[in-house]
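Here's the structure we're looking at; comments come further down.
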2 protein chains.
Amino acid sequence: MTASGEAARRPPARRPTIKDIARRAGVSESAVSFALNGRPGVSDRTRTRIRRVAQELGWQANSAARALSGDRADCIGLVLARPARTLGVESFFLQLVSGIQEVFSAHRTALLLQVVPDLAAECALYRRWWAERRVDGVLVVNPRTEDPRPRLLGSLGLPAVVVGGLATPGPDSAPPPLPTVWADDAKAMARILDHLHGLGHRRIVHVAGLPELAHTARRIRSLRSEAARRGLDTRQVRSVTTDYSDAEGAEATRRLLDTAEPPTAIIYDNDVMAVAGASVAAERGIPVPRGLSIVAWDDSPLCRVTHPRLTALVRDTAAFGRLAAQELRAVLDGGPVRAVQGELPHLEERESTGAP
Amino acid sequence: MTASGEAARRPPARRPTIKDIARRAGVSESAVSFALNGRPGVSDRTRTRIRRVAQELGWQANSAARALSGDRADCIGLVLARPARTLGVESFFLQLVSGIQEVFSAHRTALLLQVVPDLAAECALYRRWWAERRVDGVLVVNPRTEDPRPRLLGSLGLPAVVVGGLATPGPDSAPPPLPTVWADDAKAMARILDHLHGLGHRRIVHVAGLPELAHTARRIRSLRSEAARRGLDTRQVRSVTTDYSDAEGAEATRRLLDTAEPPTAIIYDNDVMAVAGASVAAERGIPVPRGLSIVAWDDSPLCRVTHPRLTALVRDTAAFGRLAAQELRAVLDGGPVRAVQGELPHLEERESTGAP
DNA sequence: TTGTAAGCGTTATCAA
DNA sequence: TTGATAACGCTTACAA
């Protein structure tokens with residue numbers, strides 16, 4: 001440390017309460033409460049006077065008191081299980097958070113964010129938040145194929161919305177265990193395959209992310225069924241899984257290019273791996289797209305700074321966050337459990353894809 | 001929406017309170033409170049019994065009640081002013097948050113995160129949080145040269161720590177207005193200049209970030225004084241400012257390369273601009289590092305997937321977050337206002353820098 | 001239309 | 001070592 005001074009602890013200016021307002025406006029505390037919360041039981045004249053006084057005093061409801069009394073926290077929670085490595089570079093989470101906030105901050109609801117090392121810690125945290133009444137509800141991200149969270153949250157009765165979808169619910173299946181906002185990965189994958197197959201590619205590999213994530217499973221399943229539908233050889237059109245890191249993305253690419261019949265196109269499950277893959281192609285002197293076509297699932301500035309720029313599946317993550325937030329609000333308002341579908345992402349065709 | 005079901009609203013399992021524990025353990029509520037908070041006034045036998053009962057019931061203190069009574073929120077706040085574009089791609093913030101949490105979650109203190117459009121909204125939010133008693137303190141990021149926040153927070157008496165440093169405090173200057181954790185940008189810039197000057201570079205441009213940020217000003221000042229110290233021409237060793245985006249980074253690079261005496265080395269204030277700059281060099285057929293050396297301020301996977309890999313100033317952002325969190329904890333505990341210096345970043349020399 | 005009073009779950013003070 | 005009891009600031013029956 002370089003400089004140090006005395007604790008300049010100013011007298012922490014007393015915050016006004018409704019009692020102050022009541023006194024100053026010459027009315028009762030309950031009148032103030034009614035007036036400020038816009039409920040009936042107080043005349044318009046008194047209401048405006050009270051409002052003005054509150055304004056003058058810079059009054060804001062003490063959140064703890066309101067929570068204690070009103071049985072709400074005006075706060076929702078979001079837990080990220082071990083993002084340090086996996087989520088660090090992707091812009092996904094900040095964008096999502098940004099969208100979520102847009103909706104909730106308009107309703108004076110705060111967002112509690114916590115980063116934990118693993119799923120067990122995440123579950124423990126839900127239990128604690130529930131017991132502490134810290135949050136009114138939570139947004140669950142990174143749903144898995146085998147996911148303990150829906151059952152836990154259901155049994156706690158802690159309102160939740162799953163972001164990113166559980167297993168795609170069939171049209172006439174039972175209602176999903178938790179409300180969900182989901183993206184149609186199957187259609188998106190089909191869209192990518194349309195593009196690549198149309199260009200003449202027959203050997204297409206999907207370098208997927210973590211295999212335990214539900215959306216990874218959906219994409220893999222979709223690739224397989226789309227390949228089958230087109231009569232493509234499933235040994236040549238297939239998925240391999242990674243941990244999303246640039247290192248594993250590059251490694252997978254090297255392994256694929258070393259096979260007897262290397263793919264002519266690779267679909268990467270995030271932007272970082274796609275760029276890493278492009279880099280491997282460059283280091284081997286393989287021209288993109290003539291020697292190898294590359295598609296990135298999720299666009300970002302990264303995809304636009306490489307040469308050639310990468311064809312990418314573009315989705316509006318902030319909008320997805322807004323959708324999730326709106327759904328959680330609906331659930332908190334007593335809405336039904338349902339699965340809401342986000343906007344279908346579109347494929348931005350750039351120079352990294354072409355005929356093989 | 002595809003599937004919808006009935007609101008499977010389970011009876012929201014009542015949460016145990018101190019009263020339940022008291023009843024079950026056959027003691028008074030205050031005895032329970034004392035026992036659970038580890039203060040004297042209750043025998044060891046009773047204490048352990050009470051603890052066991054609390055454990056059995058899965059009791060956790062209601063945070064609102066505790067906050068109302070205890071006058072703390074057990075919560076700290078972090079506001080990001082308009083990160084959607086500026087902060088989206090950089091891994092900086094998630095890393096910082098991750099480090100902050102490591103410290104606070106160990107002390108059962110939550111983190112309230114809010115994204116707002118601008119500085120005015122940020123200030124309004126501090127006022128609101130203060131009035132609502134939402135948070136015990138805040139961490140202020142992206143300090144500016146002209147910054148209204150220290151004065152505001154000081155006048156509110158809302159404890160705060162500035163992350164990233166205000167103007168570097170001189171050794172015998174007045175104590176900084178707010179406690180600060182800071183990185184020595186001046187020394188870091190000197191380190192970079194040592195490297196480039198040693199390689200033989202005499203025309204070095206610094207593509208900086210937003211000019212209103214304090215650390216940008218510090219880096220610019222340092223570059224100027226280091227250039228002067230080495231007798232370099234300040235028309236050839238200088239800074240230009242941008243908004244941190246890949247677009248402006250690329251644009252600045254193009255303009256620089258179009259001058260009569262283009263720089264032989266460029267220092268970029270973030271990884272995204274550095275990659276964008278490398279991309280511009282590639283598109284012009286300028287070999288890196290022979291035709292142009294590139295340094296990125298802040299490392300990330302991006303710097304490792306380009307060809308050649310980028311020489312980067314590496315700092316441990318999560319550690320910086322931990323340091324900031326520890327300092328805020330110290331301030332909340334009544335510690336002095338001081339400026340704590342983070343670890344000096346080091347220059348990771350890769351293949352993007354070499355003799356001109 | 002207004003005021004009084006009880007309650008939310010904790011902590012903290014004070015007698016017993 | 002204990003057990004009532006009064007805050008904390010707000011909401012909300014209920015009474016005037």
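So you can find residues: chains in the structure tokens are A, B, ... in the order shown, residues in each start at 1, and ligands are numbered from 1 in order.
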
**Q.** Distance filter 10 Å, only C-alpha atoms (C1' of nucleotides), chain C against chain A, as an NGL selection string
**A.** :C and (1-4 or 7-9)

Could the residues in this selection be saved with N, CA, C and O atoms (P, O5', C5', C4', C3', O3' and C1' of nucleotides) as a PDB file, in the first residue's frame?
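Below is the file selection19.pdb, written as the result:
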```pdb
ATOM      1  P    DT C   1     -62.497   8.894  -0.076  1.00  0.00           P
ATOM      2  O5'  DT C   1     -61.616   9.362   1.152  1.00  0.00           O
ATOM      3  C5'  DT C   1     -61.531  10.684   1.531  1.00  0.00           C
ATOM      4  C4'  DT C   1     -61.177  10.679   2.981  1.00  0.00           C
ATOM      5  C3'  DT C   1     -59.686  10.452   3.256  1.00  0.00           C
ATOM      6  O3'  DT C   1     -59.186  11.634   3.860  1.00  0.00           O
ATOM      7  C1'  DT C   1     -61.060   9.167   4.716  1.00  0.00           C
ATOM      8  P    DT C   2     -57.737  11.849   4.237  1.00  0.00           P
ATOM      9  O5'  DT C   2     -57.614  11.059   5.586  1.00  0.00           O
ATOM     10  C5'  DT C   2     -57.787  11.724   6.826  1.00  0.00           C
ATOM     11  C4'  DT C   2     -57.816  10.709   7.932  1.00  0.00           C
ATOM     12  C3'  DT C   2     -56.461  10.282   8.458  1.00  0.00           C
ATOM     13  O3'  DT C   2     -56.140  11.080   9.574  1.00  0.00           O
ATOM     14  C1'  DT C   2     -58.104   8.543   8.486  1.00  0.00           C
ATOM     15  P    DG C   3     -54.663  10.974  10.139  1.00  0.00           P
ATOM     16  O5'  DG C   3     -54.792   9.861  11.272  1.00  0.00           O
ATOM     17  C5'  DG C   3     -55.631  10.126  12.392  1.00  0.00           C
ATOM     18  C4'  DG C   3     -55.808   8.852  13.184  1.00  0.00           C
ATOM     19  C3'  DG C   3     -54.527   8.312  13.830  1.00  0.00           C
ATOM     20  O3'  DG C   3     -54.809   8.012  15.185  1.00  0.00           O
ATOM     21  C1'  DG C   3     -55.611   6.601  12.608  1.00  0.00           C
ATOM     22  P    DT C   4     -53.638   7.676  16.199  1.00  0.00           P
ATOM     23  O5'  DT C   4     -54.068   6.316  16.867  1.00  0.00           O
ATOM     24  C5'  DT C   4     -55.342   5.729  16.568  1.00  0.00           C
ATOM     25  C4'  DT C   4     -55.339   4.258  16.976  1.00  0.00           C
ATOM     26  C3'  DT C   4     -54.100   3.777  17.722  1.00  0.00           C
ATOM     27  O3'  DT C   4     -54.530   2.827  18.680  1.00  0.00           O
ATOM     28  C1'  DT C   4     -54.341   2.528  15.732  1.00  0.00           C
ATOM     29  P    DG C   7     -50.531 -10.100  16.680  1.00  0.00           P
ATOM     30  O5'  DG C   7     -49.489 -10.274  15.475  1.00  0.00           O
ATOM     31  C5'  DG C   7     -49.976 -10.492  14.156  1.00  0.00           C
ATOM     32  C4'  DG C   7     -48.860 -10.197  13.198  1.00  0.00           C
ATOM     33  C3'  DG C   7     -47.537 -10.916  13.519  1.00  0.00           C
ATOM     34  O3'  DG C   7     -47.233 -11.780  12.455  1.00  0.00           O
ATOM     35  C1'  DG C   7     -47.186  -8.655  12.941  1.00  0.00           C
ATOM     36  P    DC C   8     -46.283 -13.018  12.740  1.00  0.00           P
ATOM     37  O5'  DC C   8     -45.143 -12.797  11.649  1.00  0.00           O
ATOM     38  C5'  DC C   8     -45.434 -12.616  10.268  1.00  0.00           C
ATOM     39  C4'  DC C   8     -44.233 -11.955   9.637  1.00  0.00           C
ATOM     40  C3'  DC C   8     -42.907 -12.413  10.242  1.00  0.00           C
ATOM     41  O3'  DC C   8     -42.418 -13.524   9.489  1.00  0.00           O
ATOM     42  C1'  DC C   8     -42.980 -10.030   9.876  1.00  0.00           C
ATOM     43  P    DG C   9     -42.021 -14.863  10.230  1.00  0.00           P
ATOM     44  O5'  DG C   9     -40.545 -14.531  10.707  1.00  0.00           O
ATOM     45  C5'  DG C   9     -39.546 -14.403   9.716  1.00  0.00           C
ATOM     46  C4'  DG C   9     -38.279 -13.899  10.366  1.00  0.00           C
ATOM     47  C3'  DG C   9     -37.734 -14.798  11.468  1.00  0.00           C
ATOM     48  O3'  DG C   9     -36.346 -14.913  11.250  1.00  0.00           O
ATOM     49  C1'  DG C   9     -38.003 -12.607  12.283  1.00  0.00           C
TER      50       DG C   9
END
```

Q.
Would you mind listing, as a ChimeraX atom specification, all residues of chain D that have at least one atom within 7 Å of chain B, where only C-alpha atoms (C1' of nucleotides) are what counts?
A. /D:1,3,8

Q | For D:DA13: contacts at 10 Å, only C-alpha atoms (C1' of nucleotides), fewer than 2 positions along chain excluded, given as a ChimeraX atom specification | A | /C:5-6 /D:11,15

Q: For C:DA15, please output as a list in words all residues within 12 Å (counting only C-alpha atoms (C1' of nucleotides); exclusion window: fewer than 3 positions along the same chain).
A: DT2, DG3, DA4 and DT5 of chain D

Go ahead and write the selection's residues with C-alpha atoms (C1' of nucleotides) as a PDB file, in the first residue's frame.
```
ATOM      1  C1'  DT D   2     -32.222 -17.504  31.301  1.00  0.00           C
ATOM      2  C1'  DG D   3     -36.802 -15.447  29.548  1.00  0.00           C
ATOM      3  C1'  DA D   4     -39.741 -11.437  28.550  1.00  0.00           C
ATOM      4  C1'  DT D   5     -39.843  -7.390  25.811  1.00  0.00           C
TER       5       DT D   5
END
```

Q | Residue among A:Ala106, A:Val314, A:Ala208, A:Ala282 lying closest to chain B, counting only C-alpha atoms | A |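 Smallest separation from chain B among the options: A:Ala282.
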
Q) Please, what distance in Å, to one decimal, runs between atom CA of A:Arg322 and atom CA of A:Arg338? A)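 Value for the atom CA of A:Arg322-atom CA of A:Arg338 distance: 16.4 Å.
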
Q | Minimum-distance residue to C:DT11, chosen among B:Leu232, B:Ile18, B:Ala186, B:Leu310 (using only C-alpha atoms (C1' of nucleotides)) | A | B:Ile18

Q | Long-range neighbours of A:Ala54 as a ChimeraX atom specification, 12 Å cut-off, only C-alpha atoms (C1' of nucleotides), 2 positions minimum in chain | A | /A:15-25,32-33,35-37,47-52,56-61 /B:131
